[in-house]
Amino acid sequence: MTDMDKLQYMHGFGNEFETEALPGALPLGKFSPQRVPYGLYAEKFNSTAFTAPRSSNLRDWLYRIRPSAAQGDYRPMDSGLLRTGPITEVAAPPNLMRWDPIELPSNPTDFIDGLITLAANGDAAAQIGIGIHIYRANRPMTDRFFCNADGELLILPQLGRLALHTEFGILGVGPGEVCVIPRGIKFRVELPDDEARGYICENYGNSLGLPERGPVGSTGYTNERDFMYPVAAYEDREGDFELVTKFAGGLYALDIDHSPLDVVAWTGNSAPYRYDLARFNVIGTVSYDHPDPSIFTVLTSQSGIPGVANLDFVIFPPRWMVAEDTFRPPWYHRNIMSEYMGLIRGFYDAKEEGFVPGGSSLHNCMSPHGPEASVFEKASNAELSPEKYENSLAFMFESRYIIAPTKFALETEHRQLDYIECYSGLKKYFDPEQPDVKIETNQQESET
Ligand SMILES: [Fe+2]
C-alpha cells in the first residue's frame, strides 16, 4: 500500500524538472551519452511536435531499466462502456440532460474496468475534442498498467483517494484536487481508501495549460507554484503483467514480463501533475453583476482559434458573494460552447435539488438553461448582504464542440428524465401597467 504521507513533489507548472531516484542516474551535460549511468537506457518522450514553438514545446528524457520498445504485440480487448469521439452510435439530442451518480461496483473492478463514458466530442484520431468518463474502482491495479494514446487524462476524484504510480513517479490525489496525466504515460492506480469514484475528462486536443491573467496581473487565479510533480520512483519488478493501451478508440492489451514503471531518472517539462483546487485564487465581482464563469478557469486546452477552447476546466469553489443590486445566481443563458457539469461536494447555486455530488448535467450548444424556478424566486427577493458559499465544489468541462452523449448516457436508469421539470414553474410576471412588479415567492417550494 502506498504511504500517501511520504510522497515527495517538485513545484511549478511546466517547469524544466530533473529528478533521479539513484544518485548520478541523470546524465549531465548531454541527454544521450554513449553509456547511461547504471546501465540504463535513454528514451525521449515528445508530447508536442519536435518543431512546436519553444514556449509550448513539451518533451522529456527518461532513463529507464528497459526501453518502452521492449514489449510484444497487442491484442484487441472488449472496451466495455468506454467510448471515444466521434460518438456515432446514437444521435445527440438538444435536450438538457442530468444524471444521478453511478454506484460503486459490487464486483471487484479496477480503474480500467470501471470506466464508463457519458459523452464525447471531436475526433480522437484527429486530436480534437474530449471524452467524459466516470471511473469507479474497488480493486487496486498491481500487475496491470494503463496507457492512453488518445489523450491526456484530467482526473477529478469525488470519492476516495488515488495513488497514481506513473512512469514519472507517484502522485497522491483525492477529492478537492485534480491531476493530469499526459497522453501516452503508463501508470497504475492503487486505492488507499479501498474504493474510489470520480470524473475524467480525456483531452484529445492540445495539452492543458494555464489561462492568461489579463488585467488581473502577474499572480492570481491558478498560481504556477501550486502545481506539484512527482519525483522519480521506479519499480524493478518482473512477473506476468498486463499493459492496456487505449488507441484510436479501442482498448488493446499485451503481456509484459516486467513493470513498465522502470524510470530511474527523468528530466523535462511534460509530466503528470496534481493541484489542490482549494489553492485557486478566486477573483470575482466586488460591485455588481454575475461575471462570466471563465473567471474560474483552472486549466485550458486551446483550439486553433484564439480564446476558443477545445476544453476549459472550470470550478465553482467556495467564495464570497457581495454583488449589489444583482441577480446573484447564474443568469439564464444560451451558449455556443457546450457545458458538462459535475459536483464534487455541496450544492450548486443555480440548482438546489437534483444536482448531487457524483452526478452531472449536460447543457449543449444553444440549449437554454439557468436557475430553476424556486431559485429565481428566492434570488429575486433575497436580501443582498455579503454571503459566503462554503463547502461546495462544482465544476464544468466546457468545449467549443457539441458534446454527444453515449447510448449508455441516454438510456441509463441514472438519467433524470424529469430534469426539465425544474423549469416548469417559471411563471409570467410581466405586467405592462407595473414597471415594479413583485416576484412572488412560493415559500413551500423555496424552503425545501
Ligand atoms: Fe451556461
# chains A, B, ... in the order shown; residues from 1 in each chain; ligands from 1
$ residues_around --residues "region 344-347 of chain A" --least-positions-apart "6" --cutoff "9 Å" --atoms "only C-alpha atoms" --output "VMD selection string"
chain A and resid 156 to 159 175 to 176 198 353 355 to 359 390 to 395
$ residues_near_ligand --ligand "ligand 1" --cutoff "10 Å" --atoms "only C-alpha atoms and all ligand atoms" --output "list in words"
Asp292, Pro293, Pro330, Trp331, Tyr332, His333, Arg334, Asn335, Ile336, Met337, Ser338, Glu339, Tyr340, Met341, Leu362, His363, Asn364, Cys365, Met366, Ser367, Pro368, His369, Gly370, Met396 and Glu398 of chain A
$ closest_residue --among "A:Ala119, A:Leu243, A:Val90, A:Leu191" --to "Cys147 (chain A)" --atoms "only C-alpha atoms"
A:Leu243
$ residues_around --residues "Phe45 (chain A)" --least-positions-apart "6" --cutoff "9 Å" --atoms "only C-alpha atoms" --output "PyMOL selection string"
chain A and resi 58-62+270
$ write_last_selection --atoms "C-alpha atoms" --output "compact mmCIF listing (two decimals), in the first residue's frame"
# COMPACT_ATOMS: atom_id res chain seq x y z
CA LEU A 58 6.68 19.65 -24.16
CA ARG A 59 9.24 16.84 -24.01
CA ASP A 60 11.33 14.74 -21.63
CA TRP A 61 14.26 12.41 -21.47
CA LEU A 62 13.69 9.24 -19.46
CA SER A 270 5.84 17.08 -19.70
$ residues_around --residues "region 418-427 of chain A" --least-positions-apart "3" --cutoff "10 Å" --atoms "only C-alpha atoms" --output "VMD selection string"
chain A and resid 95 to 99 351 353 to 355 361 369 to 377 415 430 439 to 440 442 445
$ residues_around --residues "Val263 (chain A)" --least-positions-apart "4" --cutoff "9 Å" --atoms "only C-alpha atoms" --output "MDAnalysis selection string"
chainID A and resid 20:21 40 62:66 167:169 232:235
$ closest_atom_pairs --of "region 237-256 of chain A" --to "region 75-89 of chain A" --cutoff "7 Å" --atoms "only C-alpha atoms" --output "tab-separated table"
residue	atom	partner	partner_atom	distance
A:Gly249	CA	A:Thr84	CA	5.0
A:Gly250	CA	A:Ser79	CA	6.5
A:Leu251	CA	A:Met77	CA	5.6
A:Tyr252	CA	A:Pro76	CA	4.4
A:Ala253	CA	A:Arg75	CA	5.4
A:Leu254	CA	A:Arg75	CA	6.3
$ write_last_selection --atoms "N, CA, C and O atoms" --output "mmCIF file, in the first residue's frame"
data_model
loop_
_atom_site.group_PDB
_atom_site.id
_atom_site.type_symbol
_atom_site.label_atom_id
_atom_site.label_comp_id
_atom_site.auth_asym_id
_atom_site.auth_seq_id
_atom_site.Cartn_x
_atom_site.Cartn_y
_atom_site.Cartn_z
ATOM 1 N N GLY A 249 -9.588 4.848 -30.042
ATOM 2 C CA GLY A 249 -10.901 4.480 -29.539
ATOM 3 C C GLY A 249 -11.024 3.053 -29.063
ATOM 4 O O GLY A 249 -12.022 2.694 -28.447
ATOM 5 N N GLY A 250 -10.027 2.216 -29.334
ATOM 6 C CA GLY A 250 -10.105 0.821 -28.904
ATOM 7 C C GLY A 250 -9.188 0.552 -27.729
ATOM 8 O O GLY A 250 -8.229 1.288 -27.489
ATOM 9 N N LEU A 251 -9.489 -0.511 -26.988
ATOM 10 C CA LEU A 251 -8.586 -0.956 -25.929
ATOM 11 C C LEU A 251 -7.804 -2.158 -26.435
ATOM 12 O O LEU A 251 -8.360 -3.061 -27.080
ATOM 13 N N TYR A 252 -6.525 -2.174 -26.156
ATOM 14 C CA TYR A 252 -5.634 -3.262 -26.561
ATOM 15 C C TYR A 252 -4.813 -3.680 -25.342
ATOM 16 O O TYR A 252 -4.440 -2.832 -24.522
ATOM 17 N N ALA A 253 -4.516 -4.974 -25.258
ATOM 18 C CA ALA A 253 -3.723 -5.477 -24.133
ATOM 19 C C ALA A 253 -2.500 -6.197 -24.659
ATOM 20 O O ALA A 253 -2.506 -6.750 -25.762
ATOM 21 N N LEU A 254 -1.449 -6.178 -23.889
ATOM 22 C CA LEU A 254 -0.302 -7.029 -24.186
ATOM 23 C C LEU A 254 0.283 -7.548 -22.882
ATOM 24 O O LEU A 254 0.167 -6.915 -21.835
#
$ closest_residue --among "A:Ala265, A:Ala125, A:Ile315, A:Leu28" --to "Glu177 (chain A)" --atoms "only C-alpha atoms"
A:Ile315
$ atom_distance --atom1 "CA of Ala124 (chain A)" --atom2 "CA of Thr166 (chain A)"
22.8 Å
$ atom_distance --atom1 "CA of Val216 (chain A)" --atom2 "CA of Asp276 (chain A)"
21.2 Å
$ closest_residue --among "A:Cys179, A:Val437, A:Ile134, A:Leu164" --to "Glu103 (chain A)" --atoms "only C-alpha atoms"
A:Ile134
$ residues_around --residues "Met10 (chain A)" --least-positions-apart "5" --cutoff "8 Å" --atoms "only C-alpha atoms" --output "PDB file with N, CA, C and O atoms, in the first residue's frame"
ATOM      1  N   PHE A  17      12.032  20.197 -15.127  1.00  0.00           N
ATOM      2  CA  PHE A  17      12.421  19.468 -13.918  1.00  0.00           C
ATOM      3  C   PHE A  17      13.565  18.520 -14.212  1.00  0.00           C
ATOM      4  O   PHE A  17      13.765  18.078 -15.350  1.00  0.00           O
ATOM      5  N   MET A 228       2.062  20.442  -8.538  1.00  0.00           N
ATOM      6  CA  MET A 228       3.023  19.527  -7.930  1.00  0.00           C
ATOM      7  C   MET A 228       3.300  18.341  -8.851  1.00  0.00           C
ATOM      8  O   MET A 228       2.373  17.708  -9.368  1.00  0.00           O
ATOM      9  N   TYR A 229       4.575  18.058  -9.020  1.00  0.00           N
ATOM     10  CA  TYR A 229       5.026  16.983  -9.914  1.00  0.00           C
ATOM     11  C   TYR A 229       5.760  15.931  -9.096  1.00  0.00           C
ATOM     12  O   TYR A 229       6.456  16.272  -8.121  1.00  0.00           O
ATOM     13  N   PRO A 230       5.674  14.661  -9.479  1.00  0.00           N
ATOM     14  CA  PRO A 230       6.307  13.606  -8.681  1.00  0.00           C
ATOM     15  C   PRO A 230       7.819  13.572  -8.889  1.00  0.00           C
ATOM     16  O   PRO A 230       8.327  13.952  -9.944  1.00  0.00           O
ATOM     17  N   VAL A 231       8.521  13.089  -7.864  1.00  0.00           N
ATOM     18  CA  VAL A 231       9.944  12.811  -8.039  1.00  0.00           C
ATOM     19  C   VAL A 231      10.080  11.409  -8.624  1.00  0.00           C
ATOM     20  O   VAL A 231       9.170  10.580  -8.515  1.00  0.00           O
TER      21      VAL A 231
END
$ atom_distance --atom1 "CA of Pro260 (chain A)" --atom2 "CA of Gln34 (chain A)"
22.9 Å
$ select_by_dssp --residues "region 214-433 of chain A" --states "helix (DSSP H, G or I)" --output "ChimeraX atom specification"
/A:214-216,224-226,277-279,293-296,373-381,407-411,419-423
$ write_last_selection --atoms "C-alpha atoms" --output "JSON list (two decimals), in the first residue's frame"
[["chain", "number", "residue", "atom", "x", "y", "z"],
["A", 214, "GLY", "CA", -5.08, 39.74, -18.48],
["A", 215, "PRO", "CA", -5.51, 42.91, -16.41],
["A", 216, "VAL", "CA", -5.53, 40.87, -13.18],
["A", 224, "GLU", "CA", 2.22, 28.18, -11.02],
["A", 225, "ARG", "CA", 3.90, 27.31, -7.72],
["A", 226, "ASP", "CA", 0.90, 25.28, -6.55],
["A", 277, "LEU", "CA", -8.38, 23.22, -6.04],
["A", 278, "ALA", "CA", -8.53, 25.00, -2.65],
["A", 279, "ARG", "CA", -5.43, 26.90, -3.78],
["A", 293, "PRO", "CA", -17.70, 31.73, -15.40],
["A", 294, "SER", "CA", -14.46, 31.97, -17.37],
["A", 295, "ILE", "CA", -13.06, 33.78, -14.30],
["A", 296, "PHE", "CA", -12.97, 30.35, -12.65],
["A", 373, "ALA", "CA", -37.97, 28.37, -10.75],
["A", 374, "SER", "CA", -37.59, 28.31, -6.96],
["A", 375, "VAL", "CA", -34.03, 29.68, -7.18],
["A", 376, "PHE", "CA", -35.22, 32.52, -9.43],
["A", 377, "GLU", "CA", -37.93, 33.48, -6.98],
["A", 378, "LYS", "CA", -35.68, 33.31, -3.95],
["A", 379, "ALA", "CA", -32.78, 35.20, -5.56],
["A", 380, "SER", "CA", -35.13, 37.91, -6.85],
["A", 381, "ASN", "CA", -36.24, 38.65, -3.29],
["A", 407, "LYS", "CA", -26.05, 5.35, -25.80],
["A", 408, "PHE", "CA", -25.41, 4.40, -22.18],
["A", 409, "ALA", "CA", -25.88, 8.01, -21.03],
["A", 410, "LEU", "CA", -29.15, 8.39, -22.93],
["A", 411, "GLU", "CA", -30.65, 5.08, -21.83],
["A", 419, "TYR", "CA", -34.90, 17.17, -15.21],
["A", 420, "ILE", "CA", -36.63, 19.65, -17.50],
["A", 421, "GLU", "CA", -39.48, 19.96, -15.00],
["A", 422, "CYS", "CA", -37.32, 22.16, -12.76],
["A", 423, "TYR", "CA", -38.09, 24.92, -15.26]]
$ select_by_dssp --residues "region 188-425 of chain A" --states "strand (DSSP E)" --output "PyMOL selection string"
chain A and resi 188-190+196-203+228-230+238-247+250-258+263-268+273-276+297-302+309-316+319-321+338-345+360-363+387-389+393-399+404-405
$ residues_around --residues "region 128-133 of chain A" --least-positions-apart "6" --cutoff "9 Å" --atoms "only C-alpha atoms" --output "JSON, numbers by chain"
{"A": [82, 83, 84, 85, 86, 115, 116, 117, 118, 119, 120, 121, 122, 151, 198, 199, 200, 201, 202, 203, 204, 205, 206, 303, 310, 311, 340, 397, 399, 400, 401, 403]}
$ decode --residues "region 87-119 of chain A" --atoms "N, CA and C atoms" --output "short mmCIF file (atom, residue, chain, number, x, y, z; two decimals), in the first residue's frame"
data_model
loop_
_atom_site.label_atom_id
_atom_site.label_comp_id
_atom_site.auth_asym_id
_atom_site.auth_seq_id
_atom_site.Cartn_x
_atom_site.Cartn_y
_atom_site.Cartn_z
N ILE A 87 -18.88 10.17 -31.35
CA ILE A 87 -19.93 9.23 -30.95
C ILE A 87 -20.91 9.11 -32.11
N THR A 88 -21.02 7.91 -32.64
CA THR A 88 -21.91 7.71 -33.79
C THR A 88 -23.02 6.69 -33.49
N GLU A 89 -22.99 6.09 -32.31
CA GLU A 89 -23.96 5.02 -32.01
C GLU A 89 -25.38 5.55 -31.82
N VAL A 90 -25.51 6.82 -31.42
CA VAL A 90 -26.82 7.47 -31.28
C VAL A 90 -26.67 8.94 -31.68
N ALA A 91 -27.81 9.56 -32.02
CA ALA A 91 -27.79 11.00 -32.34
C ALA A 91 -27.79 11.80 -31.05
N ALA A 92 -27.16 12.97 -31.08
CA ALA A 92 -27.15 13.85 -29.91
C ALA A 92 -28.38 14.75 -29.94
N PRO A 93 -29.29 14.60 -28.97
CA PRO A 93 -30.46 15.48 -28.94
C PRO A 93 -30.12 16.81 -28.27
N PRO A 94 -30.89 17.88 -28.55
CA PRO A 94 -30.58 19.17 -27.91
C PRO A 94 -31.11 19.28 -26.48
N ASN A 95 -31.75 18.24 -25.97
CA ASN A 95 -32.34 18.30 -24.62
C ASN A 95 -31.30 18.59 -23.55
N LEU A 96 -31.74 19.31 -22.52
CA LEU A 96 -30.94 19.40 -21.31
C LEU A 96 -30.97 18.03 -20.64
N MET A 97 -29.84 17.60 -20.11
CA MET A 97 -29.78 16.26 -19.52
C MET A 97 -29.11 16.32 -18.17
N ARG A 98 -29.53 15.42 -17.28
CA ARG A 98 -28.89 15.34 -15.97
C ARG A 98 -28.91 13.89 -15.50
N TRP A 99 -27.88 13.54 -14.74
CA TRP A 99 -27.73 12.16 -14.28
C TRP A 99 -27.48 12.10 -12.78
N ASP A 100 -28.03 11.03 -12.16
CA ASP A 100 -27.68 10.70 -10.78
C ASP A 100 -26.30 10.06 -10.77
N PRO A 101 -25.67 10.00 -9.59
CA PRO A 101 -24.37 9.33 -9.51
C PRO A 101 -24.49 7.85 -9.89
N ILE A 102 -23.45 7.33 -10.49
CA ILE A 102 -23.40 5.90 -10.80
C ILE A 102 -22.76 5.19 -9.60
N GLU A 103 -23.42 4.13 -9.14
CA GLU A 103 -22.97 3.46 -7.92
C GLU A 103 -21.58 2.85 -8.09
N LEU A 104 -20.95 2.61 -6.94
CA LEU A 104 -19.68 1.88 -6.96
C LEU A 104 -19.98 0.44 -7.37
N PRO A 105 -19.04 -0.23 -8.02
CA PRO A 105 -19.30 -1.59 -8.47
C PRO A 105 -19.42 -2.57 -7.30
N SER A 106 -20.19 -3.64 -7.50
CA SER A 106 -20.30 -4.66 -6.46
C SER A 106 -19.26 -5.76 -6.67
N ASN A 107 -18.82 -5.95 -7.89
CA ASN A 107 -17.78 -6.95 -8.18
C ASN A 107 -16.40 -6.28 -8.14
N PRO A 108 -15.34 -7.08 -7.91
CA PRO A 108 -14.00 -6.48 -7.95
C PRO A 108 -13.74 -5.83 -9.31
N THR A 109 -13.43 -4.54 -9.28
CA THR A 109 -13.30 -3.75 -10.51
C THR A 109 -12.14 -2.78 -10.36
N ASP A 110 -11.22 -2.79 -11.30
CA ASP A 110 -10.11 -1.84 -11.20
C ASP A 110 -10.42 -0.58 -12.02
N PHE A 111 -9.49 0.34 -12.00
CA PHE A 111 -9.68 1.66 -12.61
C PHE A 111 -10.02 1.54 -14.10
N ILE A 112 -9.42 0.57 -14.78
CA ILE A 112 -9.68 0.42 -16.22
C ILE A 112 -11.07 -0.16 -16.44
N ASP A 113 -11.37 -1.25 -15.74
CA ASP A 113 -12.64 -1.95 -15.99
C ASP A 113 -13.85 -1.14 -15.55
N GLY A 114 -13.64 -0.19 -14.62
CA GLY A 114 -14.77 0.58 -14.12
C GLY A 114 -15.07 1.84 -14.90
N LEU A 115 -14.39 2.05 -16.01
CA LEU A 115 -14.61 3.29 -16.78
C LEU A 115 -15.94 3.23 -17.56
N ILE A 116 -16.70 4.30 -17.45
CA ILE A 116 -17.94 4.43 -18.22
C ILE A 116 -17.91 5.79 -18.92
N THR A 117 -18.14 5.81 -20.21
CA THR A 117 -18.16 7.08 -20.94
C THR A 117 -19.58 7.63 -20.99
N LEU A 118 -19.72 8.88 -20.57
CA LEU A 118 -21.03 9.54 -20.64
C LEU A 118 -21.18 10.34 -21.92
N ALA A 119 -20.08 10.88 -22.44
CA ALA A 119 -20.20 11.75 -23.61
C ALA A 119 -18.83 11.98 -24.24
#
